[in-house]
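Reading through the C-alpha cells given below for one structure.
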Amino acid sequence: MALRAWLLERTPLASIEEAVAHKSVPRHRYSVFYFLGGMTLFFFCVQVVTGALLLLYYRPSATEAYESVGFIMTRVPFGWLVRSVHAWSANLMIGAAFAHLFSVIYVHAYRPPRELTWVSGLLVFFITFAFGFSGYLLPWNELAFFATRVGTNMAGVVPGIGDSIVHFMRGGKDVSGATLTRFFGVHVAILPAITTALLAMHLVLVQYHGMSVPPSEEARVKQTGKAGPSMPFAPHFVLRDLFGWTVALALLAALSAFMPWELGRKADAFAAAPAGIRPEWYFLWMFQALKYAPATVLGVSGEFLVLIPVNLGVVALILLPFLDRNTPRSRRVIKGLATLALIFMIAMTALALLEKAP
Amino acid sequence: MRRVRALLALTLLMTAVAAAPPRAQTPVATPEALFKDDVHAQAGLACSSCHTSGAAPDGPVERTKIAPLCATCHANAEYMKTYNPQVRVDQYQQYLTSTHGKRMSAGETRVATCSDCHGAHGIRPVSDARSPVAPRNVATTCSKCHSDHARMSAFGHEGNPPEEWKTSVHAAALLKRGDTSAPTCSTCHGSHGTAPPGVTSVALVCAQCHVREAELFRKSPKKAIFDLIGRGECLTCHSNHRIQKPADSFIGLQVPALCATCHNNEMKGAAVITAMQKGLSDLDTGIVRANGVLDRAASAGMLVDDGRLALRDAHEDQILARVSIHAFADKPFAATAGKGIAEAARAEAIGNAAMGELRYRRNGLAVATLLIVGFLATLWATIRRLPSTGA
C-alpha cells in the first residue's frame, strides 16, 4: 500500500484507474471482432520477446547467419522453442491482422471520427508484411534466399526507378550478404521503431474513441431508444481477452513442439534455384496473380500492369474513411468490394498451393 | 444423277487402287543417303575419295583391303592434322597387333575390320551417341559377332561375353545410370588393338580404375599364391564379364560366400575372414540403425546435421573398409572398419539424443498444456462468476 501511495503521488495512476473503472465495451453480435486487435497485439508482444532472445545469439552475416540459427536450434537451451515460437507467431500475427482488418471493414469501424485510428492501424498492418519479408531472409537458407531474389525483383517493374529500388533493397545487384545485413537492420531497428510509434498512436486512439459500434447496431439502438448492452472493460473484457491469449499461447507451444520450424539448406548464390520456389503464404496471392500476367501489353510490363491495381487498392484502402459516404449504399459497395478482394486472394492462394512443382 | 456418277467413279477408283500390284519397297538407306550424314562427307570428302579406280574399283571394297584403305588417310599424321591437330593416327598400327588384324592379315575375312564396327557409309564420330562405337553402343556392336555362337565357335570361342557383360555392375552403370566412364568391351580389351588380356595382365587392366584395390592386393600374401598357381588375380573372385556388385556377403567361411570356395574353418586365414565378416556386418548394421533413428528424428522436425555428418563419415569408412579387404589381412581393415563403427555409433547417439529431446519437448508440452488448461478453466470459472452485465 505504501508503494501505491508513493505511485499515486507521483503518477496519474488515479486517473488511469478511474478511466479503466468506467470504461465499457459494447455487447452485440459482432462483439467477438473486438478481440482480434488484442490477439494481434498479443502475437506482436510474443514477437518482441522471442525476437529479443534470438538477438542474443543470431549473427547477421552471410557466413554466420545460417550457422547461428542452427546453433540456436541445437545448442542453446530452449533455443528451438524460441525460434519456432517466433516463426509461428509471425505467421499467426499476420493471420490475426488480416482477420482484424477485414472485421473492421465489415463493421465499418473506420467511420469518422476514427480515421486516424484506421490509418495508423493500416500502416502497422503493412509494416507487419515488411517484418515478414525482412525476417524471412534472416536464417539465410536456400528457400529464403531465392524467395527474396524473386520478391525484390518485383520492384524492378516500376518504370524508370525500378532498378534503383531493387539495388537499394538488395544493397547491390543481387541478393548477398549486404542484403542480409540491411534486412536485419530493417527488421530489428527501423521497423520496430516505426511500429512502436504507430502502435502507440493506434492504441491511444482506440482508448480515446472507445470501441466502434456497427451501424446496424446503432440503428437498432435508435429504433428502441435504449442504450445498447455493454460490459465493463475490467475485469469482464480483460479476462476474456486473457482467455483468448492463453489459448493462442497453447497453440503456439503445440505448433512449436509438433511442427518445429525447419531450417532447410544453407543459401548458395551459385546453386540453381530449387523447383517450385514460392514466397510465404501471405504473399502467395500476389505471386500467383503475377504468374498469370502477360510478359508485355502494348510495350508495358505485364507485371507492372498487375501491380498498378494492387497499389491503387492500397491507396484506396488508406483513404477508405474519406471515400465512404457513410450511407447504406456506400457501405454495401464497400462490403461487396472487400468480399471480392477476399475471394480473389483466397482463390489465388489456393491455386498457388495446388500448383505442383515442375 | 450427278451424285450416282460420282459414287460410281469413286468405287472404280478404290477398286483400282486395291487391285494395283504392291509397289517395290524403298530401300531404308542407300549408301548415298547414309553418306550425307557421314563425318567424311562433312569434311568435304566424296565417294571417289575411297572408291577410286586405283585403290578400290567401283563397288564394294574387298574386306582385306578395307583397313589399309582407311589407313591411307588415318595413318597419315600430316594429312589428318589438317582436319584435327589432336587426332590419333595409330589405329592401323594398333589394328595390326589385334587378334582381328592378325587374322585378317592372314586372309581370314570373317574377323572384324574398320567398317564392321564404324559402319561403311554413315560413319559418325565416337562422341556422337548414335555412333555404333559410342560407349553405350560398343557392347551391341561387338555382340554382332561375339554373340553369334556359330560364327565364334569356328575360332574356338565359347560363351557370350557381350550378353554376360550386360548382366554386370559395369553395364548397369553405363546403360542404366548413363555413366559413360563405366567400362565396356573396348575399355578392357582395347578398341583398335583389341585382344583378350592374359591371365597375368588382367589385374593390370582392372587397376586402371580400381587403383587402391590393386595396390593392396599386390602387397598382400595372396599375390604370390595366385602367381604360383596361375590364377587370374581379380577374376578368381569377381569373374571377368559378368562382374556383380560386390557385397559384404562375399566374405565368410560358409557357402555361398566367395571365400568359402577355397577356405574353410581349419585353414590359415579363417580368423581373418571371420573378423572381416564381423567387422563388415557390424559396420553395416550400425549404419542402418543410425540412418533409421536420424530419419525418424528428422521427420519429426529435429535438426540432426551433426548426425548426418557422422553417418557420412561412417559411409566413407565402409567404402574404405570394403576396399581394404583386398589386403587379405587385419591391417588396414580392422582400423578402418573400427573407425566406421565408431562413427555410426556416434551418428546413432546423436539421433537418439534428438529423439530424447523430442520426447522431452512433448512431455514438456503435455505438462504446459495441463497447466494452461487448468488456468483456462479457472479463468472461465472466474468469468462465469462475474456479475451479469445484462443481455
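Each chain in the C-alpha cells gets a letter, A, B and so on, in the order shown; residues start at 1 in every chain, and ligands are counted from 1 in the order they appear.
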
Residues of region 176-211 of chain B at most 10 Å from region 224-248 of chain B: nearest atom pair and distance in Å, only C-alpha atoms, as a tab-separated table:
residue	atom	partner	partner_atom	distance
B:Thr184	CA	B:His241	CA	9.6
B:Cys185	CA	B:His241	CA	8.9
B:Gly198	CA	B:Gly232	CA	8.5
B:Val199	CA	B:Gly232	CA	4.9
B:Thr200	CA	B:Gly232	CA	6.2
B:Ser201	CA	B:Gly232	CA	8.2
B:Val202	CA	B:Gly232	CA	6.6
B:Ala203	CA	B:Glu233	CA	5.8
B:Leu204	CA	B:Glu233	CA	9.4
B:Val205	CA	B:Cys234	CA	9.8
B:Cys206	CA	B:Cys234	CA	7.6
B:Ala207	CA	B:Cys234	CA	9.5

Output file for the selection above: C-alpha atoms, as an mmCIF file, in the first residue's frame:
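And here's result.cif as it stands now:
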data_model
loop_
_atom_site.group_PDB
_atom_site.id
_atom_site.type_symbol
_atom_site.label_atom_id
_atom_site.label_comp_id
_atom_site.auth_asym_id
_atom_site.auth_seq_id
_atom_site.Cartn_x
_atom_site.Cartn_y
_atom_site.Cartn_z
ATOM 1 C CA THR B 184 32.518 -51.512 -71.727
ATOM 2 C CA CYS B 185 34.231 -54.088 -74.038
ATOM 3 C CA GLY B 198 46.279 -62.565 -70.461
ATOM 4 C CA VAL B 199 45.679 -64.045 -67.030
ATOM 5 C CA THR B 200 48.655 -62.225 -65.590
ATOM 6 C CA SER B 201 47.684 -58.863 -67.030
ATOM 7 C CA VAL B 202 44.000 -58.864 -66.062
ATOM 8 C CA ALA B 203 44.815 -57.227 -62.733
ATOM 9 C CA LEU B 204 46.726 -54.503 -64.549
ATOM 10 C CA VAL B 205 43.656 -53.818 -66.686
ATOM 11 C CA CYS B 206 41.331 -53.675 -63.646
ATOM 12 C CA ALA B 207 43.875 -51.476 -61.852
#

- Quick one: DSSP helix (DSSP H, G or I) residues in region 159-358 of chain A, as a PyMOL selection string? chain A and resi 162-170+177-209+215-224+233-258+281-292+302-318+320-323+328-354

Using C-alpha atoms, can you export the residues from the last selection as a tab-separated table (two decimals), in the first residue's frame?
chain	number	residue	atom	x	y	z
A	162	GLY	CA	12.60	0.05	-60.63
A	163	ASP	CA	16.26	-0.91	-60.92
A	164	SER	CA	17.30	1.70	-58.37
A	165	ILE	CA	14.70	0.40	-55.89
A	166	VAL	CA	15.92	-3.17	-56.37
A	167	HIS	CA	19.53	-2.03	-55.92
A	168	PHE	CA	18.59	-0.14	-52.75
A	169	MET	CA	16.68	-3.11	-51.29
A	170	ARG	CA	19.46	-5.57	-52.04
A	177	GLY	CA	25.46	-10.65	-47.53
A	178	ALA	CA	24.83	-6.91	-47.94
A	179	THR	CA	21.10	-7.65	-48.38
A	180	LEU	CA	21.10	-9.78	-45.25
A	181	THR	CA	22.75	-7.04	-43.21
A	182	ARG	CA	20.29	-4.37	-44.29
A	183	PHE	CA	17.28	-6.67	-43.92
A	184	PHE	CA	18.48	-7.40	-40.39
A	185	GLY	CA	18.82	-3.70	-39.61
A	186	VAL	CA	15.37	-3.00	-41.01
A	187	HIS	CA	13.86	-5.98	-39.15
A	188	VAL	CA	15.27	-5.27	-35.68
A	189	ALA	CA	15.67	-1.48	-35.60
A	190	ILE	CA	13.82	0.56	-38.22
A	191	LEU	CA	10.54	-1.37	-38.39
A	192	PRO	CA	10.22	-1.85	-34.60
A	193	ALA	CA	10.80	1.88	-34.06
A	194	ILE	CA	8.13	2.88	-36.58
A	195	THR	CA	5.76	0.17	-35.34
A	196	THR	CA	6.10	1.24	-31.71
A	197	ALA	CA	5.19	4.82	-32.58
A	198	LEU	CA	2.26	3.86	-34.83
A	199	LEU	CA	1.01	1.18	-32.45
A	200	ALA	CA	1.10	3.59	-29.50
A	201	MET	CA	-0.89	6.10	-31.55
A	202	HIS	CA	-3.35	3.37	-32.61
A	203	LEU	CA	-3.91	2.13	-29.04
A	204	VAL	CA	-4.24	5.62	-27.58
A	205	LEU	CA	-6.82	6.50	-30.23
A	206	VAL	CA	-8.72	3.25	-29.60
A	207	GLN	CA	-8.90	4.14	-25.90
A	208	TYR	CA	-9.79	7.74	-26.65
A	209	HIS	CA	-12.68	6.96	-29.02
A	215	PRO	CA	-24.11	0.97	-38.00
A	216	SER	CA	-26.71	-1.82	-37.84
A	217	GLU	CA	-26.44	-1.90	-34.03
A	218	GLU	CA	-26.53	1.88	-33.87
A	219	ALA	CA	-29.75	1.83	-35.90
A	220	ARG	CA	-31.28	-0.75	-33.56
A	221	VAL	CA	-30.44	1.43	-30.53
A	222	LYS	CA	-32.01	4.40	-32.29
A	223	GLN	CA	-35.16	2.38	-33.03
A	224	THR	CA	-35.58	1.08	-29.50
A	233	PHE	CA	-13.63	-3.30	-19.70
A	234	ALA	CA	-12.11	-4.58	-16.46
A	235	PRO	CA	-12.44	-7.28	-15.47
A	236	HIS	CA	-15.07	-8.65	-17.93
A	237	PHE	CA	-13.40	-7.83	-21.25
A	238	VAL	CA	-9.82	-8.14	-19.96
A	239	LEU	CA	-10.41	-11.67	-18.63
A	240	ARG	CA	-12.00	-12.75	-21.89
A	241	ASP	CA	-9.03	-11.28	-23.76
A	242	LEU	CA	-6.71	-13.16	-21.41
A	243	PHE	CA	-8.62	-16.35	-22.14
A	244	GLY	CA	-8.04	-15.91	-25.89
A	245	TRP	CA	-4.35	-15.11	-25.39
A	246	THR	CA	-3.86	-18.21	-23.28
A	247	VAL	CA	-5.45	-20.37	-25.98
A	248	ALA	CA	-3.11	-18.69	-28.52
A	249	LEU	CA	-0.14	-19.43	-26.26
A	250	ALA	CA	-1.14	-23.10	-26.03
A	251	LEU	CA	-1.50	-23.21	-29.83
A	252	LEU	CA	1.98	-21.69	-30.28
A	253	ALA	CA	3.50	-24.22	-27.88
A	254	ALA	CA	1.80	-27.15	-29.64
A	255	LEU	CA	2.86	-25.95	-33.11
A	256	SER	CA	6.43	-25.44	-31.95
A	257	ALA	CA	6.66	-28.86	-30.31
A	258	PHE	CA	4.95	-30.88	-33.02
A	281	TRP	CA	1.60	-17.86	-47.77
A	282	TYR	CA	0.60	-14.22	-47.23
A	283	PHE	CA	2.37	-13.16	-50.44
A	284	LEU	CA	1.17	-16.13	-52.47
A	285	TRP	CA	-1.92	-14.44	-53.91
A	286	MET	CA	0.19	-11.65	-55.42
A	287	PHE	CA	2.83	-14.15	-56.61
A	288	GLN	CA	0.17	-16.22	-58.38
A	289	ALA	CA	-1.50	-13.16	-59.91
A	290	LEU	CA	1.85	-12.04	-61.34
A	291	LYS	CA	2.29	-15.50	-62.86
A	292	TYR	CA	-0.84	-15.01	-64.95
A	302	GLY	CA	2.52	-7.17	-67.62
A	303	GLU	CA	3.74	-7.41	-64.02
A	304	PHE	CA	3.58	-3.63	-63.75
A	305	LEU	CA	0.00	-3.72	-65.01
A	306	VAL	CA	-0.90	-6.17	-62.24
A	307	LEU	CA	0.88	-4.11	-59.60
A	308	ILE	CA	-0.98	-0.92	-60.62
A	309	PRO	CA	-4.45	-2.07	-59.41
A	310	VAL	CA	-2.88	-3.63	-56.31
A	311	ASN	CA	-1.21	-0.34	-55.41
A	312	LEU	CA	-4.35	1.64	-56.25
A	313	GLY	CA	-6.21	-0.75	-53.93
A	314	VAL	CA	-3.73	0.02	-51.16
A	315	VAL	CA	-4.20	3.77	-51.64
A	316	ALA	CA	-7.99	3.33	-51.70
A	317	LEU	CA	-7.77	1.27	-48.51
A	318	ILE	CA	-5.85	4.02	-46.72
A	320	LEU	CA	-11.37	4.38	-47.08
A	321	PRO	CA	-12.80	6.53	-44.23
A	322	PHE	CA	-12.71	9.52	-46.55
A	323	LEU	CA	-14.20	7.65	-49.53
A	328	PRO	CA	-26.25	2.26	-46.59
A	329	ARG	CA	-25.48	2.06	-50.35
A	330	SER	CA	-21.87	3.13	-49.92
A	331	ARG	CA	-21.43	0.58	-47.11
A	332	ARG	CA	-22.90	-2.17	-49.29
A	333	VAL	CA	-20.47	-1.30	-52.11
A	334	ILE	CA	-17.50	-1.38	-49.71
A	335	LYS	CA	-18.60	-4.71	-48.24
A	336	GLY	CA	-19.00	-6.12	-51.77
A	337	LEU	CA	-15.56	-4.89	-52.86
A	338	ALA	CA	-13.96	-6.29	-49.67
A	339	THR	CA	-15.64	-9.64	-50.31
A	340	LEU	CA	-14.43	-9.67	-53.92
A	341	ALA	CA	-10.88	-8.86	-52.80
A	342	LEU	CA	-11.03	-11.60	-50.17
A	343	ILE	CA	-12.33	-14.16	-52.67
A	344	PHE	CA	-9.62	-13.15	-55.16
A	345	MET	CA	-6.87	-13.50	-52.55
A	346	ILE	CA	-8.16	-16.85	-51.29
A	347	ALA	CA	-8.59	-18.20	-54.84
A	348	MET	CA	-5.10	-17.10	-55.93
A	349	THR	CA	-3.56	-18.55	-52.77
A	350	ALA	CA	-5.41	-21.83	-53.30
A	351	LEU	CA	-4.28	-22.01	-56.93
A	352	ALA	CA	-0.68	-21.39	-55.88
A	353	LEU	CA	-0.88	-24.06	-53.18
A	354	LEU	CA	-2.46	-26.58	-55.52

- Message: Residues of region 264-303 of chain A classed as strand (DSSP E or B) by DSSP on the backbone are to be reported as a list in words.
- Response: Lys266, Thr296, Val297, Val300 and Ser301 of chain A

- Surrounding residues of Pro77 (chain A) excluding itself and chain neighbours under 3 positions, 12 Å, only C-alpha atoms, as JSON, numbers by chain: {"A": [53, 54, 57, 71, 72, 73, 74, 80, 81, 82, 83], "B": [357, 361]}

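Residue nearest chain B, chosen from A:Arg27, A:Lys226, A:His86, A:Arg59 and counting only C-alpha atoms: A:Arg27.
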
Give me, as CSV, each residue of chain B that comes within 12 Å of chain A, together with its shortest interatomic pair and the distance in Å at one decimal, counting only C-alpha atoms, with rows ordered by chain and rising residue number.
residue,atom,partner,partner_atom,distance
B:Ala297,CA,A:Pro260,CA,11.6
B:Ala298,CA,A:Glu262,CA,9.8
B:Ser299,CA,A:Met259,CA,9.8
B:Ala300,CA,A:Phe258,CA,7.4
B:Gly301,CA,A:Pro260,CA,5.5
B:Met302,CA,A:Pro260,CA,7.4
B:Leu303,CA,A:Thr74,CA,6.9
B:Val304,CA,A:Thr74,CA,8.4
B:Asp305,CA,A:Gly70,CA,9.0
B:Asp306,CA,A:Thr74,CA,9.8
B:Gly307,CA,A:Thr74,CA,11.8
B:Ile350,CA,A:Thr74,CA,11.0
B:Ala353,CA,A:Thr74,CA,10.9
B:Ala354,CA,A:Thr74,CA,9.1
B:Glu357,CA,A:Thr74,CA,9.9
B:Leu358,CA,A:Ala257,CA,7.9
B:Arg359,CA,A:Ala257,CA,9.6
B:Tyr360,CA,A:Ala257,CA,9.8
B:Arg361,CA,A:Ala257,CA,6.2
B:Arg362,CA,A:Ala257,CA,6.2
B:Asn363,CA,A:Ala257,CA,9.7
B:Gly364,CA,A:Ala257,CA,9.0
B:Leu365,CA,A:Ala254,CA,6.7
B:Ala366,CA,A:Ala254,CA,9.0
B:Val367,CA,A:Ala250,CA,11.1
B:Ala368,CA,A:Ala250,CA,7.9
B:Thr369,CA,A:Ala250,CA,6.5
B:Leu370,CA,A:Ala250,CA,9.9
B:Leu371,CA,A:Ala250,CA,9.8
B:Ile372,CA,A:Ala250,CA,6.8
B:Val373,CA,A:Val247,CA,8.6
B:Gly374,CA,A:Thr246,CA,10.8
B:Phe375,CA,A:Thr246,CA,8.3
B:Leu376,CA,A:Phe243,CA,6.3
B:Ala377,CA,A:Phe243,CA,9.3
B:Thr378,CA,A:Phe243,CA,9.9
B:Leu379,CA,A:Phe243,CA,6.7
B:Trp380,CA,A:Phe243,CA,7.5
B:Ala381,CA,A:Leu239,CA,10.6
B:Thr382,CA,A:Leu239,CA,8.3
B:Ile383,CA,A:His236,CA,6.7
B:Arg384,CA,A:His236,CA,9.5
B:Arg385,CA,A:His236,CA,10.1
B:Leu386,CA,A:His236,CA,7.1
B:Pro387,CA,A:His236,CA,8.9
B:Ser388,CA,A:Met231,CA,8.5
B:Thr389,CA,A:Met231,CA,5.6
B:Gly390,CA,A:Pro229,CA,6.5
B:Ala391,CA,A:Pro229,CA,6.2

- Task: Please identify all polymer residues within 10 Å of Ala147 (chain A), counting only C-alpha atoms, omitting same-chain residues fewer than 2 positions from it, and present them as a PyMOL selection string.
- Result: chain A and resi 133+136-137+142-145+149-153+273+277-280

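Interatomic distance, CA of Val119 (chain A) against CA of Gly210 (chain A): 16.3 Å.
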
- With only C-alpha atoms as the basis for distance, which of B:Pro31, B:Gly44, B:Gly193, B:Gly159 is at the shortest distance from Thr97 (chain B)?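 Counting only C-alpha atoms, the residue closest to Thr97 (chain B) is B:Gly193.
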